[in-house]
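Here is data.json, consisting of JSON, C-alpha atoms:
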```
[["chain", "number", "residue", "atom", "x", "y", "z"],
["A", 1, "MET", "CA", 17.99, 20.03, -50.41],
["A", 2, "HIS", "CA", 20.92, 21.36, -48.41],
["A", 3, "PHE", "CA", 21.55, 19.61, -45.09],
["A", 4, "ASN", "CA", 23.02, 21.78, -42.33],
["A", 5, "LEU", "CA", 24.25, 20.29, -39.04],
["A", 6, "ALA", "CA", 23.92, 23.66, -37.39],
["A", 7, "ASN", "CA", 20.14, 23.29, -37.65],
["A", 8, "ILE", "CA", 20.31, 20.16, -35.47],
["A", 9, "PHE", "CA", 22.69, 21.37, -32.75],
["A", 10, "THR", "CA", 20.59, 24.27, -31.60],
["A", 11, "TRP", "CA", 19.62, 25.34, -28.11],
["A", 12, "SER", "CA", 15.98, 24.59, -28.93],
["A", 13, "ASN", "CA", 16.76, 20.94, -29.77],
["A", 14, "PHE", "CA", 19.11, 20.61, -26.82],
["A", 15, "SER", "CA", 16.48, 21.92, -24.40],
["A", 16, "LEU", "CA", 13.94, 19.50, -25.90],
["A", 17, "VAL", "CA", 16.24, 16.51, -25.33],
["A", 18, "LEU", "CA", 17.08, 17.74, -21.82],
["A", 19, "ASP", "CA", 13.38, 18.13, -21.07],
["A", 20, "VAL", "CA", 12.68, 14.53, -22.17],
["A", 21, "LEU", "CA", 15.59, 13.18, -20.11],
["A", 22, "ILE", "CA", 14.43, 15.01, -16.97],
["A", 23, "ILE", "CA", 10.87, 13.66, -17.34],
["A", 24, "TRP", "CA", 12.23, 10.15, -18.01],
["A", 25, "PHE", "CA", 14.43, 10.39, -14.90],
["A", 26, "LEU", "CA", 11.53, 11.53, -12.71],
["A", 27, "VAL", "CA", 9.13, 8.88, -14.05],
["A", 28, "TYR", "CA", 11.73, 6.13, -13.64],
["A", 29, "HIS", "CA", 12.44, 7.02, -10.01],
["A", 30, "LEU", "CA", 8.72, 7.42, -9.31],
["A", 31, "ILE", "CA", 8.15, 3.86, -10.56],
["A", 32, "ILE", "CA", 11.01, 2.59, -8.39],
["A", 33, "LEU", "CA", 9.58, 4.48, -5.41],
["A", 34, "ILE", "CA", 6.06, 3.04, -5.66],
["A", 35, "ARG", "CA", 7.01, -0.52, -6.59],
["A", 36, "GLY", "CA", 5.63, -2.97, -4.07],
["A", 37, "THR", "CA", 3.09, -0.48, -2.66],
["A", 38, "LYS", "CA", -0.64, 0.09, -3.11],
["A", 39, "ALA", "CA", 0.25, 3.20, -5.10],
["A", 40, "VAL", "CA", 0.98, 0.90, -8.06],
["A", 41, "GLN", "CA", -2.72, 0.05, -8.38],
["A", 42, "LEU", "CA", -3.65, 3.72, -8.04],
["A", 43, "ALA", "CA", -1.13, 4.63, -10.74],
["A", 44, "LYS", "CA", -2.71, 2.04, -13.06],
["A", 45, "GLY", "CA", -6.08, 3.67, -12.44],
["A", 46, "ILE", "CA", -4.69, 7.10, -13.34],
["A", 47, "VAL", "CA", -3.19, 5.73, -16.57],
["A", 48, "LEU", "CA", -6.56, 4.15, -17.43],
["A", 49, "ILE", "CA", -8.32, 7.50, -16.95],
["A", 50, "PHE", "CA", -5.90, 9.19, -19.38],
["A", 51, "ILE", "CA", -6.40, 6.41, -21.93],
["A", 52, "VAL", "CA", -10.18, 6.83, -21.71],
["A", 53, "ARG", "CA", -9.72, 10.60, -22.13],
["A", 54, "ILE", "CA", -7.71, 10.13, -25.32],
["A", 55, "ILE", "CA", -10.25, 7.67, -26.76],
["A", 56, "ALA", "CA", -13.15, 9.98, -25.83],
["A", 57, "GLY", "CA", -11.39, 12.86, -27.58],
["A", 58, "ILE", "CA", -10.84, 10.82, -30.74],
["A", 59, "LEU", "CA", -14.49, 9.65, -30.79],
["A", 60, "GLN", "CA", -15.71, 13.20, -29.97],
["A", 61, "LEU", "CA", -17.60, 12.08, -26.86],
["A", 62, "HIS", "CA", -18.01, 15.61, -25.54],
["A", 63, "THR", "CA", -19.78, 14.81, -22.27],
["A", 64, "THR", "CA", -17.27, 12.09, -21.34],
["A", 65, "THR", "CA", -14.38, 14.35, -22.32],
["A", 66, "TRP", "CA", -15.74, 17.21, -20.18],
["A", 67, "LEU", "CA", -16.28, 14.92, -17.19],
["A", 68, "ILE", "CA", -12.76, 13.45, -17.36],
["A", 69, "ASP", "CA", -11.26, 16.94, -17.76],
["A", 70, "GLN", "CA", -13.00, 17.96, -14.53],
["A", 71, "ILE", "CA", -11.63, 14.90, -12.75],
["A", 72, "VAL", "CA", -8.11, 15.57, -14.04],
["A", 73, "SER", "CA", -8.26, 19.26, -13.07],
["A", 74, "TRP", "CA", -8.99, 18.33, -9.44],
["A", 75, "SER", "CA", -6.71, 15.30, -9.40],
["A", 76, "VAL", "CA", -3.59, 17.24, -8.37],
["A", 77, "VAL", "CA", -4.90, 17.65, -4.83],
["A", 78, "GLY", "CA", -6.04, 14.02, -4.78],
["A", 79, "ILE", "CA", -2.65, 12.76, -5.96],
["A", 80, "ILE", "CA", -0.88, 14.69, -3.17],
["A", 81, "VAL", "CA", -3.18, 13.12, -0.57],
["A", 82, "ILE", "CA", -3.08, 9.59, -2.01],
["A", 83, "PHE", "CA", 0.66, 9.49, -2.65],
["A", 84, "GLN", "CA", 1.61, 11.33, 0.55],
["A", 85, "PRO", "CA", 3.82, 8.49, 1.95],
["A", 86, "GLU", "CA", 5.69, 8.13, -1.36],
["A", 87, "ILE", "CA", 6.11, 11.92, -1.75],
["A", 88, "ARG", "CA", 7.41, 12.19, 1.80],
["A", 89, "ARG", "CA", 9.85, 9.34, 1.27],
["A", 90, "GLY", "CA", 11.06, 10.91, -1.97],
["A", 91, "LEU", "CA", 11.63, 14.30, -0.34],
["A", 92, "GLU", "CA", 13.48, 12.65, 2.55],
["A", 93, "HIS", "CA", 15.65, 10.87, 0.00],
["A", 94, "LEU", "CA", 16.42, 14.20, -1.70],
["A", 95, "GLY", "CA", 17.31, 15.69, 1.68],
["A", 96, "ARG", "CA", 19.90, 12.96, 2.21],
["A", 97, "LEU", "CA", 21.69, 13.64, -1.07],
["A", 98, "PRO", "CA", 25.45, 14.18, -0.68],
["A", 99, "ILE", "CA", 25.32, 17.63, -2.31],
["A", 100, "PHE", "CA", 24.08, 19.09, 0.98],
["A", 101, "GLY", "CA", 27.14, 17.83, 2.84],
["A", 102, "GLY", "CA", 27.47, 17.10, 6.54],
["A", 103, "ARG", "CA", 25.20, 14.05, 6.34],
["A", 104, "GLU", "CA", 27.56, 11.35, 5.12],
["A", 105, "GLU", "CA", 29.39, 10.87, 8.40],
["A", 106, "SER", "CA", 26.26, 10.53, 10.54],
["A", 107, "ALA", "CA", 24.67, 8.17, 8.01],
["A", 108, "HIS", "CA", 27.88, 6.13, 7.97],
["A", 109, "ASP", "CA", 27.99, 5.86, 11.77],
["A", 110, "GLU", "CA", 24.28, 5.02, 12.01],
["A", 111, "SER", "CA", 24.68, 2.22, 9.47],
["A", 112, "ILE", "CA", 27.65, 0.76, 11.35],
["A", 113, "LYS", "CA", 25.64, 0.80, 14.59],
["A", 114, "PHE", "CA", 22.68, -0.78, 12.80],
["A", 115, "ILE", "CA", 24.84, -3.64, 11.49],
["A", 116, "LYS", "CA", 26.33, -4.20, 14.97],
["A", 117, "GLU", "CA", 22.82, -4.64, 16.41],
["A", 118, "LEU", "CA", 21.94, -7.05, 13.62],
["A", 119, "ASP", "CA", 25.15, -8.99, 14.24],
["A", 120, "LYS", "CA", 24.42, -9.22, 17.97],
["A", 121, "ALA", "CA", 21.01, -10.77, 17.26],
["A", 122, "ILE", "CA", 22.25, -13.05, 14.48],
["A", 123, "GLN", "CA", 25.08, -14.45, 16.59],
["A", 124, "TYR", "CA", 22.81, -15.12, 19.57],
["A", 125, "MET", "CA", 20.12, -16.84, 17.48],
["A", 126, "SER", "CA", 22.56, -18.76, 15.29],
["A", 127, "LYS", "CA", 24.36, -20.33, 18.27],
["A", 128, "ARG", "CA", 21.04, -21.37, 19.85],
["A", 129, "ARG", "CA", 19.38, -22.33, 16.56],
["A", 130, "ILE", "CA", 16.54, -19.86, 16.89],
["A", 131, "GLY", "CA", 14.87, -19.37, 13.51],
["A", 132, "ALA", "CA", 14.67, -15.79, 12.23],
["A", 133, "LEU", "CA", 13.57, -13.91, 9.12],
["A", 134, "ILE", "CA", 14.61, -10.25, 8.81],
["A", 135, "THR", "CA", 13.86, -8.14, 5.72],
["A", 136, "ILE", "CA", 15.63, -4.79, 5.25],
["A", 137, "GLN", "CA", 13.92, -2.37, 2.87],
["A", 138, "GLN", "CA", 16.00, -0.76, 0.15],
["A", 139, "GLU", "CA", 14.61, 1.40, -2.67],
["A", 140, "THR", "CA", 11.46, -0.61, -3.37],
["A", 141, "GLY", "CA", 8.52, 0.02, -1.03],
["A", 142, "LEU", "CA", 7.34, -2.84, 1.20],
["A", 143, "GLU", "CA", 4.05, -1.32, 2.41],
["A", 144, "ASP", "CA", 1.90, -4.17, 1.10],
["A", 145, "TYR", "CA", 3.89, -6.63, 3.24],
["A", 146, "ILE", "CA", 4.15, -4.26, 6.20],
["A", 147, "GLU", "CA", 0.36, -4.19, 6.37],
["A", 148, "THR", "CA", 0.30, -7.95, 7.05],
["A", 149, "GLY", "CA", 2.39, -7.63, 10.21],
["A", 150, "ILE", "CA", 2.04, -6.24, 13.72],
["A", 151, "LYS", "CA", 3.27, -2.65, 13.94],
["A", 152, "LEU", "CA", 6.19, -1.87, 16.22],
["A", 153, "ASN", "CA", 7.93, 1.25, 14.82],
["A", 154, "ALA", "CA", 10.85, 0.62, 17.16],
["A", 155, "ASP", "CA", 14.59, 1.22, 16.97],
["A", 156, "VAL", "CA", 16.64, -1.80, 15.95],
["A", 157, "THR", "CA", 18.42, -3.42, 18.88],
["A", 158, "GLY", "CA", 19.87, -6.88, 19.15],
["A", 159, "GLU", "CA", 17.86, -7.58, 22.30],
["A", 160, "LEU", "CA", 14.55, -6.64, 20.67],
["A", 161, "LEU", "CA", 15.22, -8.81, 17.61],
["A", 162, "ILE", "CA", 16.14, -11.75, 19.83],
["A", 163, "ASN", "CA", 12.97, -11.38, 21.90],
["A", 164, "ILE", "CA", 10.80, -11.20, 18.78],
["A", 165, "PHE", "CA", 12.06, -14.54, 17.46],
["A", 166, "ILE", "CA", 12.07, -16.48, 20.73],
["A", 167, "PRO", "CA", 9.93, -19.60, 20.00],
["A", 168, "ASN", "CA", 6.31, -19.79, 21.18],
["A", 169, "THR", "CA", 5.92, -16.03, 21.50],
["A", 170, "PRO", "CA", 3.18, -14.06, 19.63],
["A", 171, "LEU", "CA", 5.61, -12.37, 17.21],
["A", 172, "HIS", "CA", 8.11, -15.11, 16.39],
["A", 173, "ASP", "CA", 6.22, -16.61, 13.44],
["A", 174, "GLY", "CA", 6.75, -14.47, 10.35],
["A", 175, "ALA", "CA", 9.17, -11.79, 9.21],
["A", 176, "VAL", "CA", 10.51, -8.64, 10.79],
["A", 177, "ILE", "CA", 10.54, -5.79, 8.27],
["A", 178, "ILE", "CA", 13.02, -2.95, 8.80],
["A", 179, "ASN", "CA", 12.28, 0.25, 6.90],
["A", 180, "GLN", "CA", 14.66, 2.70, 5.24],
["A", 181, "ASP", "CA", 15.03, 4.66, 8.48],
["A", 182, "HIS", "CA", 16.50, 1.52, 10.08],
["A", 183, "GLN", "CA", 13.50, 1.05, 12.32],
["A", 184, "ILE", "CA", 11.56, -2.16, 12.90],
["A", 185, "ALA", "CA", 8.30, -1.36, 11.12],
["A", 186, "VAL", "CA", 6.50, -4.63, 11.88],
["A", 187, "ALA", "CA", 6.98, -8.16, 13.12],
["A", 188, "ALA", "CA", 5.09, -11.35, 12.19],
["A", 189, "ALA", "CA", 4.68, -10.14, 8.59],
["A", 190, "TYR", "CA", 3.89, -12.49, 5.72],
["A", 191, "LEU", "CA", 6.22, -12.62, 2.71],
["A", 192, "PRO", "CA", 5.51, -14.24, -0.69],
["A", 193, "LEU", "CA", 6.89, -17.77, -1.06],
["A", 194, "SER", "CA", 9.14, -18.53, -4.03],
["A", 195, "ASP", "CA", 8.39, -21.38, -6.44],
["A", 196, "SER", "CA", 11.98, -21.49, -7.67],
["A", 197, "THR", "CA", 13.33, -24.97, -8.33],
["A", 198, "MET", "CA", 16.84, -23.69, -7.56],
["A", 199, "ILE", "CA", 16.12, -23.68, -3.82],
["A", 200, "PRO", "CA", 17.44, -26.87, -2.18],
["A", 201, "LYS", "CA", 14.66, -29.08, -0.83],
["A", 202, "ARG", "CA", 16.30, -29.18, 2.60],
["A", 203, "LEU", "CA", 15.49, -25.49, 3.07],
["A", 204, "GLY", "CA", 12.20, -24.58, 4.74],
["A", 205, "THR", "CA", 9.50, -21.95, 4.54],
["A", 206, "ARG", "CA", 11.67, -19.11, 5.90],
["A", 207, "HIS", "CA", 14.18, -19.55, 3.08],
["A", 208, "ARG", "CA", 11.42, -19.72, 0.44],
["A", 209, "ALA", "CA", 9.88, -16.54, 1.84],
["A", 210, "ALA", "CA", 13.30, -14.83, 1.81],
["A", 211, "VAL", "CA", 13.85, -15.76, -1.85],
["A", 212, "GLY", "CA", 10.24, -14.84, -2.66],
["A", 213, "ILE", "CA", 10.53, -11.28, -1.38],
["A", 214, "SER", "CA", 13.87, -10.91, -3.17],
["A", 215, "GLU", "CA", 12.20, -11.84, -6.47],
["A", 216, "VAL", "CA", 9.68, -8.98, -6.32],
["A", 217, "THR", "CA", 11.67, -6.28, -4.48],
["A", 218, "ASP", "CA", 15.29, -5.22, -3.97],
["A", 219, "ALA", "CA", 15.12, -5.85, -0.20],
["A", 220, "ILE", "CA", 17.94, -7.61, 1.65],
["A", 221, "THR", "CA", 16.65, -10.53, 3.73],
["A", 222, "ILE", "CA", 18.54, -12.39, 6.44],
["A", 223, "VAL", "CA", 17.53, -15.92, 7.45],
["A", 224, "VAL", "CA", 18.76, -17.81, 10.50],
["A", 225, "SER", "CA", 18.05, -21.53, 10.12],
["A", 226, "GLU", "CA", 16.19, -23.21, 12.98],
["A", 227, "GLU", "CA", 17.67, -26.59, 12.03],
["A", 228, "THR", "CA", 21.34, -25.73, 11.53],
["A", 229, "GLY", "CA", 21.80, -22.16, 12.81],
["A", 230, "GLY", "CA", 23.21, -21.26, 9.39],
["A", 231, "VAL", "CA", 22.91, -17.67, 8.12],
["A", 232, "THR", "CA", 21.55, -17.00, 4.63],
["A", 233, "ILE", "CA", 21.15, -13.68, 2.82],
["A", 234, "THR", "CA", 18.90, -13.17, -0.21],
["A", 235, "ARG", "CA", 18.58, -10.29, -2.66],
["A", 236, "ASN", "CA", 17.38, -9.92, -6.26],
["A", 237, "GLY", "CA", 16.39, -13.57, -6.52],
["A", 238, "ARG", "CA", 19.79, -14.84, -5.37],
["A", 239, "PHE", "CA", 20.70, -16.43, -2.06],
["A", 240, "LEU", "CA", 23.99, -16.85, -0.22],
["A", 241, "LEU", "CA", 23.80, -19.98, 1.96],
["A", 242, "ASP", "CA", 25.53, -20.71, 5.27],
["A", 243, "MET", "CA", 27.59, -17.54, 5.45],
["A", 244, "SER", "CA", 30.24, -17.15, 8.11],
["A", 245, "ARG", "CA", 30.20, -14.13, 10.42],
["A", 246, "ASP", "CA", 32.97, -12.42, 8.46],
["A", 247, "GLU", "CA", 31.16, -13.10, 5.17],
["A", 248, "TYR", "CA", 27.78, -11.68, 6.14],
["A", 249, "LEU", "CA", 29.33, -8.69, 7.93],
["A", 250, "LYS", "CA", 31.37, -7.89, 4.84],
["A", 251, "TYR", "CA", 28.26, -8.19, 2.66],
["A", 252, "LEU", "CA", 26.09, -6.02, 4.92],
["A", 253, "LYS", "CA", 28.75, -3.32, 5.19],
["A", 254, "ALA", "CA", 29.19, -3.27, 1.42],
["A", 255, "GLU", "CA", 25.43, -2.95, 0.82],
["A", 256, "LEU", "CA", 24.25, -0.82, 3.75],
["A", 257, "VAL", "CA", 27.11, 1.48, 4.77],
["A", 258, "PRO", "CA", 27.41, 4.63, 2.61],
["A", 259, "LYS", "CA", 30.89, 5.41, 1.38],
["A", 260, "LYS", "CA", 32.68, 8.35, 3.00],
["A", 261, "GLU", "CA", 34.05, 10.89, 0.58],
["A", 262, "LYS", "CA", 37.65, 11.85, 1.27],
["A", 263, "ASP", "CA", 37.27, 15.49, 0.31],
["A", 264, "THR", "CA", 34.23, 17.70, 0.69],
["A", 265, "LYS", "CA", 33.65, 19.82, -2.38],
["A", 266, "TRP", "CA", 33.43, 23.60, -2.01],
["A", 267, "TYR", "CA", 29.78, 23.66, -3.09],
["A", 268, "GLN", "CA", 28.98, 20.90, -0.57],
["A", 269, "ARG", "CA", 30.45, 23.02, 2.22],
["A", 270, "ILE", "CA", 28.37, 26.04, 1.18],
["A", 271, "LEU", "CA", 25.15, 24.01, 0.80],
["A", 272, "GLY", "CA", 25.90, 22.21, 4.06],
["A", 273, "LYS", "CA", 26.19, 25.50, 5.95],
["A", 274, "ILE", "CA", 22.95, 26.80, 4.39],
["A", 275, "TRP", "CA", 21.23, 23.49, 5.22],
["A", 276, "LYS", "CA", 22.37, 23.53, 8.86],
["A", 277, "TRP", "CA", 21.56, 27.22, 9.25],
["A", 278, "GLY", "CA", 18.01, 26.58, 8.02],
["A", 279, "ALA", "CA", 17.62, 23.55, 10.31],
["A", 280, "ASP", "CA", 18.81, 25.42, 13.41],
["A", 281, "ARG", "CA", 16.34, 28.29, 13.10]]
```

Write-out of the structure in structure tokens:
Amino acid sequence: MHFNLANIFTWSNFSLVLDVLIIWFLVYHLIILIRGTKAVQLAKGIVLIFIVRIIAGILQLHTTTWLIDQIVSWSVVGIIVIFQPEIRRGLEHLGRLPIFGGREESAHDESIKFIKELDKAIQYMSKRRIGALITIQQETGLEDYIETGIKLNADVTGELLINIFIPNTPLHDGAVIINQDHQIAVAAAYLPLSDSTMIPKRLGTRHRAAVGISEVTDAITIVVSEETGGVTITRNGRFLLDMSRDEYLKYLKAELVPKKEKDTKWYQRILGKIWKWGADR
């Protein structure tokens, strides 16, 4: 049998591979988007329905197959309604992509301002040994933890953060969760406690909660110690203890401030103009 490489490197095979990669990319980012939200349980239910459909087809259970087909045919509308927050967040993320241009500078400036407000609150509370627990959402959703807190939906200011964590006030016990729009979503939220043996015994509940949330999400969490005034940052199961002001500012800028591109590409300028023209109408 004659083997011909030309039969492999065809447009049909290339389009097939490209199709698989696109679907893999979309599924991967969808999983990242719904991690840590109630949508995970709903997604499991959808997968279970498809598994039952396959089994029913194999066993030739015609009534069950017909019923599931009807459910699936109407599920598109249901998925849009159920996953509305995740779809909205995904579309907003697409809208912030650099290819549209004109957004990097404002995002950069907003992030710098956000860090300055955080720094103002951290410095005030650290010097006075006011305990604080601040979680900043990244890619992974935090809706399950947001639901445990008291809704604020307020802009981040140093003064507001300080007032939240003043001892013996209704909101001081628990975590402040800041969403991807750099707004305080809730205060007094409950975070999962870590069972890690790597955490020094001298550290309290706030530090265990900070490590705990970092073990299940990619959120950045800032802890101000009530005993020492020390500043700790956790992410991805790791913690940086007793950071100086220069150290935590450097870390936050590296993680939260988008990089400015030196030169704007020609296609970014065109897309940016189209984007702004559409937004101004």

task: Please provide as a PyMOL selection string all residues within 10 Å of Thr135 (chain A), with the sequence filter that same-chain residues fewer than 4 positions apart are discarded (counting only C-alpha atoms).
output: chain A and resi 142+175-179+184+189+191+210+213-214+219-223+233-235

query: Which of these, A:Ile23, A:Gly229, A:Met198, A:His182, has the shortest distance to Gln138 (chain A) once you count only C-alpha atoms?
result: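 Distance minimum relative to Gln138 (chain A) lands on A:His182.
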
- request: Could you give me, as a ChimeraX atom specification, the residues that have an atom at most 12 Å away from the point (20.1, -10.7, 26.6) in the coordinates of the file, using only C-alpha atoms?
  value: /A:120-121,123-125,157-163,166

- request: Extract, using all atoms listed in the file, all DNA, RNA and protein residues at most 9 Å from Glu215 (chain A), discarding same-chain residues fewer than 2 positions from it, and format them as a PyMOL selection string.
  value: chain A and resi 194+210-213+217-218+235-238

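As for CA of Leu252 (chain A) and CA of Thr232 (chain A), they are spaced 11.9 Å apart.
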
field: Atom pair CA of Ala43 (chain A) / CA of Glu139 (chain A): separation (Å)
entry: 18.0 Å

task: Return the single residue from A:Ser111, A:Thr65, A:Thr140, A:Asn153 that is closest to Val216 (chain A), with distances computed using only C-alpha atoms.
output: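 Residue with the minimum atom-to-atom distance to Val216 (chain A): A:Thr140.
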
Can you list, as a short mmCIF file (atom, residue, chain, number, x, y, z; two decimals) with C-alpha atoms, in the coordinates of the input, every protein, DNA or RNA residue that comes within 8 Å of region 171-174 of chain A when you count all atoms listed in the file, leaving out same-chain residues fewer than 5 positions away?
```cif
data_model
loop_
_atom_site.label_atom_id
_atom_site.label_comp_id
_atom_site.auth_asym_id
_atom_site.auth_seq_id
_atom_site.Cartn_x
_atom_site.Cartn_y
_atom_site.Cartn_z
CA ALA A 132 14.67 -15.79 12.23
CA LEU A 133 13.57 -13.91 9.12
CA ILE A 150 2.04 -6.24 13.72
CA ILE A 164 10.80 -11.20 18.78
CA PHE A 165 12.06 -14.54 17.46
CA ILE A 166 12.07 -16.48 20.73
CA ALA A 187 6.98 -8.16 13.12
CA ALA A 188 5.09 -11.35 12.19
CA ALA A 189 4.68 -10.14 8.59
CA TYR A 190 3.89 -12.49 5.72
CA LEU A 191 6.22 -12.62 2.71
#
```

- request: Take CA of Asp69 (chain A) and CA of Ile46 (chain A) and report the distance between them in Å, one decimal.
  value: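 Answer for the CA of Asp69 (chain A) to CA of Ile46 (chain A) separation: 12.6 Å.
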
- request: Have a look at A:Ile130, A:Ala185, A:Leu240, A:Leu256 and name the one nearest to Ile199 (chain A); count only C-alpha atoms.
  value: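 Among the listed residues, A:Leu240 lies closest to Ile199 (chain A).
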
message: From the options A:Lys116, A:Arg206, A:Lys151, A:Arg128, which residue's atoms come nearest to Lys250 (chain A), counting all atoms listed in the file?
response: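 Smallest separation from Lys250 (chain A) among the options: A:Lys116.
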
- request: Go through A:Arg129, A:His29, A:Arg208, A:His108 one by one, measure the shortest atom-to-atom distance of each to Phe239 (chain A) using all atoms listed in the file, and give the residue with the smallest value.
  value: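 Using all atoms listed in the file, Phe239 (chain A) sits closest to A:Arg208.
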
Can you put all heavy atoms back into region 65-72 of chain A and show it as a short mmCIF file (atom, residue, chain, number, x, y, z; two decimals), in the frame of the given file?
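Final file, rebuild.cif:
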```
data_model
loop_
_atom_site.label_atom_id
_atom_site.label_comp_id
_atom_site.auth_asym_id
_atom_site.auth_seq_id
_atom_site.Cartn_x
_atom_site.Cartn_y
_atom_site.Cartn_z
N THR A 65 -15.61 13.55 -22.32
CA THR A 65 -14.38 14.35 -22.32
C THR A 65 -14.43 15.43 -21.26
O THR A 65 -13.48 15.64 -20.50
CB THR A 65 -14.16 14.99 -23.70
OG1 THR A 65 -14.07 13.95 -24.68
CG2 THR A 65 -12.87 15.80 -23.72
N TRP A 66 -15.58 16.14 -21.18
CA TRP A 66 -15.74 17.21 -20.18
C TRP A 66 -15.65 16.65 -18.77
O TRP A 66 -14.98 17.23 -17.90
CB TRP A 66 -17.09 17.89 -20.38
CG TRP A 66 -17.34 18.97 -19.35
CD1 TRP A 66 -16.95 20.27 -19.39
CD2 TRP A 66 -18.05 18.80 -18.11
NE1 TRP A 66 -17.36 20.93 -18.27
CE2 TRP A 66 -18.03 20.05 -17.45
CE3 TRP A 66 -18.69 17.73 -17.50
CZ2 TRP A 66 -18.64 20.24 -16.21
CZ3 TRP A 66 -19.29 17.91 -16.27
CH2 TRP A 66 -19.26 19.16 -15.63
N LEU A 67 -16.27 15.51 -18.53
CA LEU A 67 -16.28 14.92 -17.19
C LEU A 67 -14.86 14.51 -16.77
O LEU A 67 -14.43 14.78 -15.63
CB LEU A 67 -17.20 13.70 -17.17
CG LEU A 67 -17.34 12.97 -15.82
CD1 LEU A 67 -17.90 13.91 -14.76
CD2 LEU A 67 -18.21 11.73 -15.96
N ILE A 68 -14.13 13.89 -17.68
CA ILE A 68 -12.76 13.45 -17.36
C ILE A 68 -11.85 14.66 -17.15
O ILE A 68 -10.98 14.66 -16.27
CB ILE A 68 -12.21 12.52 -18.46
CG1 ILE A 68 -13.00 11.22 -18.48
CG2 ILE A 68 -10.72 12.23 -18.21
CD1 ILE A 68 -12.60 10.28 -19.59
N ASP A 69 -12.05 15.71 -17.93
CA ASP A 69 -11.26 16.94 -17.76
C ASP A 69 -11.47 17.52 -16.37
O ASP A 69 -10.54 18.03 -15.73
CB ASP A 69 -11.64 17.97 -18.82
CG ASP A 69 -11.07 17.61 -20.19
OD1 ASP A 69 -10.14 16.77 -20.24
OD2 ASP A 69 -11.56 18.14 -21.19
N GLN A 70 -12.73 17.46 -15.88
CA GLN A 70 -13.00 17.96 -14.53
C GLN A 70 -12.29 17.13 -13.47
O GLN A 70 -11.75 17.65 -12.50
CB GLN A 70 -14.52 17.96 -14.26
CG GLN A 70 -15.33 18.86 -15.18
CD GLN A 70 -14.82 20.29 -15.17
OE1 GLN A 70 -14.67 20.91 -14.12
NE2 GLN A 70 -14.53 20.83 -16.36
N ILE A 71 -12.31 15.80 -13.70
CA ILE A 71 -11.63 14.90 -12.75
C ILE A 71 -10.13 15.18 -12.74
O ILE A 71 -9.51 15.27 -11.67
CB ILE A 71 -11.90 13.43 -13.13
CG1 ILE A 71 -13.39 13.10 -12.94
CG2 ILE A 71 -11.04 12.48 -12.29
CD1 ILE A 71 -13.78 11.74 -13.46
N VAL A 72 -9.56 15.33 -13.93
CA VAL A 72 -8.11 15.57 -14.04
C VAL A 72 -7.73 16.91 -13.41
O VAL A 72 -6.70 17.03 -12.73
CB VAL A 72 -7.66 15.52 -15.51
CG1 VAL A 72 -6.21 15.99 -15.66
CG2 VAL A 72 -7.82 14.11 -16.06
#
```
